[in-house]
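*Asks:* Before I ask anything, here is the structure I am working with.
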Number of protein chains: 2
Amino acid sequence: MSETQPDHVPAALDLTLDGPALTAALVDFPSISGTEKPLADAIEEALRALPHLRVDRHGNNVVARTDLGRPERVVLAGHIDTVPIADNVPSRLDEEGVLWGCGTSDMKSGVAVQLRIAATVPAPNRDLTFVFYDNEEVAAHLNGLGHVAEAHPDWLAGDFAILLEPSDGEVEGGCQGTLRVKLRLTGERAHSARSWMGSNAVHAAAPILAKLAAYQPRRPVIDGLEYHEGLNAVGIEGGVATNVIPDACVVTVNYRYAPDRSMAEAEAHVREVFADCGVAEITVDDHTGGALPGLSHPAAAAFMAAVGGAAKPKFGWTDVSRFSALGVPAVNYGPGEPLLAHKRDERVAVERITHCERRLYDWLTA
Amino acid sequence: MSETQPDHVPAALDLTLDGPALTAALVDFPSISGTEKPLADAIEEALRALPHLRVDRHGNNVVARTDLGRPERVVLAGHIDTVPIADNVPSRLDEEGVLWGCGTSDMKSGVAVQLRIAATVPAPNRDLTFVFYDNEEVAAHLNGLGHVAEAHPDWLAGDFAILLEPSDGEVEGGCQGTLRVKLRLTGERAHSARSWMGSNAVHAAAPILAKLAAYQPRRPVIDGLEYHEGLNAVGIEGGVATNVIPDACVVTVNYRYAPDRSMAEAEAHVREVFADCGVAEITVDDHTGGALPGLSHPAAAAFMAAVGGAAKPKFGWTDVSRFSALGVPAVNYGPGEPLLAHKRDERVAVERITHCERRLYDWLTA
C-alpha cells in the first residue's frame, strides 16, 4: 500500500469535461488529507475563470458564490481530501461503466458534480454557494468546514445545504449526535487470597452493565424520519494482576442520539441513566451534536420533490451537523456508495454521477 | 537496582555460627532463583560433614535425613532461592537487633534455623528430614520441591511437615486452593451508530458481574481453623474501537477455596455459579489445590503444644500443598515477616530467629 503523494500532479482542471471524466481527473489529482493545496489551487483557478461567481479562499478551503439576489440560497458542499491511497490510483474505468480508484465514492464524484453545476448553471433559480474544504478524513479539529464556519460564518449562510457525501443517490436527512463518556468505578486493592480486605471495582460495574443491557433506546420521528438511538459500552477495562482485587474499572459508553435532543440534554440523560450506579466519576471523552433534517423548510421540500424518493435518517455523525449549528438545515445527497468508502476496491458507477448532476441541474434551472 | 549475581561468592557455610549470624552468612551468599547451585553445593557440603545424616541430592535440591527408627518422622523444608537483589545485599545488622537484606525474611532466616537444627540435634526424639530446594520464587513448574516430589517422593515421606516460610513466628495451617478461569462472552460487531445491527458482548457480562457482586463466600472451619473463600473478578477486558459494538469480552475470575474442597469440586462449583450467565466458553487458566491443615495429627498437636499460641488458617497458596498431595500434613512456621517479603527494605528481628530455633529445638529434644 502506498500512502505517498506522487511527485507529479496535474496543474489544471478542465470543467468542460463531463461528470464522470471530471471525477476521473480529480481522482488522478491526489489530495490525501494534509496535502490538498495543489487541488485547492486548481479548483480556485478553475472557479475564478467563471465570471458569475465570487471566489473566496481560507487556507485550502475555497468558497464560490453567485449573487443574483434570489430569495433563497442553497449551499453545495464537499471535502476535497481522501484517505491514503491504497494502490488504487490512477483511476480505471471498466467495461461496465464503473470507475475505480481512491476517492471515486468518497467523494470526488460529489466534488465533480459541484464543479459541473458551478460551470454549467450561470443563472440558477436560487443563489448558490459552493464550498470545497480540506481535512474531513482526519481529526475533527483539522476539518476545513469547521475552520471556515469559525472564521467566516457568513460565507456559509444559506436556506438549505447539501453535502455531496456518498449517500447512494438517496437523501439522508440530518444526523444523530454522538457522546462518549468514561464511567470510572473505584475500589481498594487487596491480595485475591484475602479479597475481603479490599473492594472490587470490576464487581462495581455490575449495575452499569445491567442498565446498558436493559436500556430501551428512543426511536423518535422527526420531519417524517425515524431516528434510532443507542446507548452502548464500547469498551471496558479493569484489572491489576491475576492475584489482586482490582481497585479501578472504566466503562466507556457511547450514546448516539436523535437530533431533537440538544448536547446538554444528551449529557444530562446519560448522567441520569447512571445516577444510582455508584460511579466515582463520569468524564466526557468526546461529544458532537446532531443535526435536524430540516426537511420541512420550503427549499428542502422543493429539493425532495425534484430528486424524488423518500429521505432516510442519517444515524452516523456527518458534517451536516456543522451547517445545523449555523442554523442551516442540511442533508447528504451524493453519487458515491457509502459502503465502499475507504476501501481498496472503492468505485462508483458513472451513471450515478450523471444522474445526480442531472437531478441538481434540473432543480436549479426549473 | 542490581539483579546480577556478584562474581565472587563465599565457598563454605559454618554451621557453628548462631542462627542470626548464619542467616547473615546465607544472605551474603546470593542465590537468586536459577542461580542456586553454589549455595546448594555449600549446603550439601556442610550437611555431609554431619555423620548422623544421610544426604541426597536431586539437581540443586538437597535432602538430609536421620534414620533412628523413631515412630514418627518430621520434615523441615525451605527454599534456598530469593527474588532479585535490590541494592540490599550484603546484609546489615542495625543497633536495634534487626538484620536487613534480601532474603532475611523470605526465607534465609528459616533456612538458617533448619541448618542449626540439623547441626545441633544429632539424636532427635522424632526422625527428621531436612529439605532445601530451589526455584520457589519463579514459575511453579520450576519449583524444586515439586521436582523432588515427582522424582523421589520417598525422600519427602513423613508424619508432619513444617515449611519455614515467613509466618511471623505463628503457625499457619494448610492453605487454600486457587483456581483461575476465563469467562468469554461473545457478540456481534456493528458500527455504534447502528448498534441494533450488532450484539454487545460487554453488556453480556452483566449477569456475571451481578453474580460476583452478590456472591457469599464460604467460611468453613477445618481442624479449628476458619478459612475464608473468595470469588472475584481479577480482570475484565472488552472493546474494539470507540465507535464499534464489541463482539468479545473476557472476565478473568479467581476462586480461592478452603481445603475441604477438592480441585474437581472447586471447578464444578465455579461452572455451576456461572451456568445461567450465557457464557460462551469457560477455560481454566491456572489451578492448584489447597492443603488440609492436618492439625489433628498427633505429631501436629504435639508441635502446636510445644510452640504455643493458636494456629491461623493460611489463605494464600503455599508449598504445604505439595506435601498435602503426598499425604503429609504440613504447616508454615518460620521467623520471617511475610509482609516484608520481596521488599527492598526486607528485614528480620534476630530475636525471632533465635526464638524459632529454640522452640523447634525444645520440641525435638523433649
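Each chain in the C-alpha cells gets a letter, A, B and so on, in the order shown; residues start at 1 in every chain, and ligands are counted from 1 in the order they appear.
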Which residues are near region 128-143 of chain B? Cut-off 7 Å, only C-alpha atoms, ignore same chain within fewer than 2 positions. Put them as number ranges by chain.
*Replies:* B: 33-34, 36, 60-66, 73-83, 114, 126, 145-147
*Asks:* Please give the root-mean-square deviation of the Cα atoms once chain B has been least-squares fitted onto chain A, pairing every Cα in order.
*Replies:*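 Least-squares fit of chain B onto chain A, C-alpha RMSD 0.2 Å.
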*Asks:* Quick one: residues within 8 Å of region 99-110 of chain A, only C-alpha atoms counted, chain neighbours fewer than 5 positions away excluded, as a ChimeraX atom specification?
*Replies:* /A:19-20,23-24,26-27,78-80,82-86,88-94,164-166,334-338,340-350,353
*Asks:* Just the selected residues (N, CA and C atoms), exported as a compact mmCIF listing (two decimals), in the first residue's frame, please.
*Replies:*
# COMPACT_ATOMS: atom_id res chain seq x y z
N GLY A 19 -19.25 14.85 -16.09
CA GLY A 19 -19.11 14.46 -14.68
C GLY A 19 -18.18 13.28 -14.46
N PRO A 20 -18.39 12.16 -15.16
CA PRO A 20 -17.51 11.01 -14.95
C PRO A 20 -16.05 11.31 -15.31
N THR A 23 -14.62 13.46 -12.62
CA THR A 23 -14.34 12.63 -11.44
C THR A 23 -13.01 11.92 -11.60
N ALA A 24 -12.79 11.31 -12.78
CA ALA A 24 -11.54 10.59 -13.04
C ALA A 24 -10.35 11.54 -12.92
N LEU A 26 -10.17 14.22 -11.11
CA LEU A 26 -9.99 14.56 -9.70
C LEU A 26 -9.33 13.41 -8.93
N VAL A 27 -9.73 12.17 -9.26
CA VAL A 27 -9.11 11.01 -8.60
C VAL A 27 -7.63 10.94 -8.96
N GLY A 78 -18.58 20.00 -0.21
CA GLY A 78 -17.90 18.71 -0.27
C GLY A 78 -16.45 18.85 0.13
N HIS A 79 -15.91 17.77 0.68
CA HIS A 79 -14.50 17.81 1.06
C HIS A 79 -13.65 17.29 -0.09
N ILE A 80 -12.46 17.86 -0.22
CA ILE A 80 -11.61 17.53 -1.37
C ILE A 80 -10.50 16.55 -1.00
N THR A 82 -8.89 12.89 0.58
CA THR A 82 -9.22 11.45 0.61
C THR A 82 -8.38 10.78 1.69
N VAL A 83 -8.77 9.56 2.01
CA VAL A 83 -7.93 8.73 2.87
C VAL A 83 -6.69 8.34 2.06
N PRO A 84 -5.67 7.75 2.69
CA PRO A 84 -4.46 7.38 1.95
C PRO A 84 -4.74 6.45 0.77
N ILE A 85 -4.00 6.67 -0.28
CA ILE A 85 -4.14 5.85 -1.49
C ILE A 85 -3.67 4.43 -1.19
N ALA A 86 -4.40 3.46 -1.72
CA ALA A 86 -4.08 2.06 -1.44
C ALA A 86 -3.86 1.32 -2.76
N ASN A 88 -4.61 2.26 -5.51
CA ASN A 88 -5.83 2.34 -6.32
C ASN A 88 -5.94 3.69 -7.04
N VAL A 89 -4.78 4.25 -7.39
CA VAL A 89 -4.71 5.44 -8.24
C VAL A 89 -3.59 5.18 -9.24
N PRO A 90 -3.69 5.54 -10.52
CA PRO A 90 -4.79 6.31 -11.14
C PRO A 90 -6.09 5.51 -11.25
N SER A 91 -7.12 6.26 -11.58
CA SER A 91 -8.45 5.67 -11.72
C SER A 91 -8.50 4.76 -12.95
N ARG A 92 -9.52 3.92 -12.95
CA ARG A 92 -9.68 2.99 -14.07
C ARG A 92 -11.17 2.82 -14.34
N LEU A 93 -11.56 3.02 -15.60
CA LEU A 93 -12.97 2.84 -15.97
C LEU A 93 -13.11 1.46 -16.61
N ASP A 94 -13.98 0.63 -16.04
CA ASP A 94 -14.10 -0.71 -16.63
C ASP A 94 -15.20 -0.75 -17.70
N LEU A 164 -22.40 16.70 -0.61
CA LEU A 164 -22.41 15.67 -1.64
C LEU A 164 -21.60 14.44 -1.22
N GLU A 165 -21.72 14.10 0.07
CA GLU A 165 -21.10 12.89 0.62
C GLU A 165 -21.76 11.66 -0.02
N PRO A 166 -21.05 10.53 -0.08
CA PRO A 166 -21.67 9.34 -0.66
C PRO A 166 -22.95 8.97 0.10
N GLY A 334 -25.37 12.43 -2.44
CA GLY A 334 -24.23 12.35 -3.34
C GLY A 334 -24.23 11.05 -4.11
N PRO A 335 -23.46 11.00 -5.21
CA PRO A 335 -23.47 9.82 -6.09
C PRO A 335 -22.69 8.63 -5.55
N GLY A 336 -21.82 8.85 -4.56
CA GLY A 336 -20.97 7.75 -4.09
C GLY A 336 -21.74 6.70 -3.33
N GLU A 337 -21.04 5.57 -3.11
CA GLU A 337 -21.62 4.42 -2.41
C GLU A 337 -20.96 4.38 -1.03
N PRO A 338 -21.72 4.68 0.04
CA PRO A 338 -21.07 4.81 1.35
C PRO A 338 -20.34 3.56 1.81
N LEU A 340 -18.57 1.61 0.21
CA LEU A 340 -17.29 1.41 -0.47
C LEU A 340 -16.24 2.43 -0.04
N ALA A 341 -16.67 3.42 0.75
CA ALA A 341 -15.73 4.46 1.19
C ALA A 341 -14.56 3.85 1.94
N HIS A 342 -13.38 4.36 1.67
CA HIS A 342 -12.15 3.97 2.38
C HIS A 342 -11.68 2.56 2.04
N LYS A 343 -12.30 1.94 1.06
CA LYS A 343 -11.89 0.58 0.73
C LYS A 343 -10.92 0.60 -0.44
N ARG A 344 -10.09 -0.43 -0.48
CA ARG A 344 -9.13 -0.56 -1.57
C ARG A 344 -9.86 -0.68 -2.91
N ASP A 345 -11.03 -1.33 -2.90
CA ASP A 345 -11.78 -1.51 -4.15
C ASP A 345 -12.89 -0.46 -4.29
N GLU A 346 -12.60 0.74 -3.78
CA GLU A 346 -13.57 1.84 -3.89
C GLU A 346 -13.88 2.10 -5.37
N ARG A 347 -15.14 2.38 -5.65
CA ARG A 347 -15.56 2.59 -7.03
C ARG A 347 -16.89 3.31 -7.05
N VAL A 348 -17.31 3.73 -8.25
CA VAL A 348 -18.62 4.37 -8.40
C VAL A 348 -19.12 4.09 -9.82
N ALA A 349 -20.41 3.90 -9.92
CA ALA A 349 -21.00 3.71 -11.24
C ALA A 349 -21.13 5.09 -11.89
N VAL A 350 -20.58 5.27 -13.11
CA VAL A 350 -20.60 6.61 -13.73
C VAL A 350 -22.04 7.08 -13.96
N ILE A 353 -23.18 9.31 -11.22
CA ILE A 353 -22.65 10.68 -11.25
C ILE A 353 -23.52 11.54 -12.17
*Asks:* Restricting the calculation to only C-alpha atoms: of B:Tyr361, B:Phe315, B:Tyr227, B:Tyr215, which residue gets closest to chain A?
*Replies:*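 Looking only at the distances to chain A, the closest residue turns out to be B:Phe315.
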*Asks:* Wanna dump the chain B-chain A contacts at 7 Å for me, each residue with its shortest atom pair and the distance in Å to one decimal, counting only C-alpha atoms, ordered by chain and number, as a tab-separated table?
*Replies:*
residue	atom	partner	partner_atom	distance
B:Ala193	CA	A:Gly316	CA	5.1
B:Arg194	CA	A:Phe315	CA	6.7
B:Ser195	CA	A:Gly230	CA	6.1
B:Val202	CA	A:Ala233	CA	6.5
B:His203	CA	A:Ala213	CA	5.2
B:Ala206	CA	A:Leu209	CA	4.9
B:Leu209	CA	A:Ala206	CA	4.9
B:Ala210	CA	A:Ala206	CA	5.2
B:Leu212	CA	A:His203	CA	6.3
B:Ala213	CA	A:His203	CA	5.2
B:Gly230	CA	A:Ser195	CA	6.1
B:Ala233	CA	A:Val202	CA	6.5
B:Val234	CA	A:Gly239	CA	5.4
B:Gly235	CA	A:Gly239	CA	4.0
B:Ile236	CA	A:Gly238	CA	5.2
B:Glu237	CA	A:Glu237	CA	4.9
B:Gly238	CA	A:Ile236	CA	5.2
B:Gly239	CA	A:Gly235	CA	4.0
B:Ala241	CA	A:Val234	CA	6.8
B:Thr242	CA	A:Val234	CA	5.6
B:Asn243	CA	A:Val234	CA	6.8
B:Val244	CA	A:Val234	CA	6.2
B:Ile245	CA	A:Val234	CA	5.6
B:Pro246	CA	A:Val234	CA	6.0
B:Arg256	CA	A:Ala193	CA	6.0
B:Phe315	CA	A:Ala193	CA	5.5
B:Gly316	CA	A:Ala193	CA	5.0
*Asks:* For Leu156 (chain B), which of B:Val320, B:Thr365, B:Ala306, B:Leu339 is the closest residue, counting only C-alpha atoms?
*Replies:*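 The answer is B:Val320, which sits nearest to Leu156 (chain B).
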*Asks:* Separation of CA of Lys182 (chain B) and CA of Val284 (chain B), in Å?
*Replies:*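 Rounded to one decimal, the two atoms are 6.5 Å apart.
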*Asks:* What lies within 7 Å of region 274-281 of chain A using only C-alpha atoms, ignoring chain neighbours under 3 positions off, as a ChimeraX atom specification?
*Replies:* /A:183-186,207-208,270-271
*Asks:* Which of region 57-146 of chain A end up as alpha helix (DSSP H) when DSSP is run on this backbone - answer as a ChimeraX atom specification?
*Replies:* /A:109-120,144-146
*Asks:* Near Asp362 (chain B), counting only C-alpha atoms, which residues have an atom at most 12 Å away, once you skip same-chain residues fewer than 2 positions from it, shown as a list in words?
*Replies:*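 What passes the distance filter is Ile117, Thr120, Val121, Pro124, Asn125, Ala302, Phe303, Ala305, Ala306, Val307, Gly308, His355, Cys356, Glu357, Arg358, Arg359, Leu360, Leu364, Thr365 and Ala366 of chain B.
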*Asks:* Run DSSP on the backbone and grab whatever in region 267-327 of chain A lands in strand (DSSP E or B); send it over as a PyMOL selection string.
*Replies:* chain A and resi 281-288+291+312-313
*Asks:* Distance CA of Val328 (chain A)-CA of Asp41 (chain A), one decimal place?
*Replies:* 27.4 Å
*Asks:* Between B:Met263, B:Val111, B:Leu53, B:Met197, which is the closest to Ala40 (chain B) once you count only C-alpha atoms?
*Replies:*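 For Ala40 (chain B), the nearest of the given residues is B:Val111.
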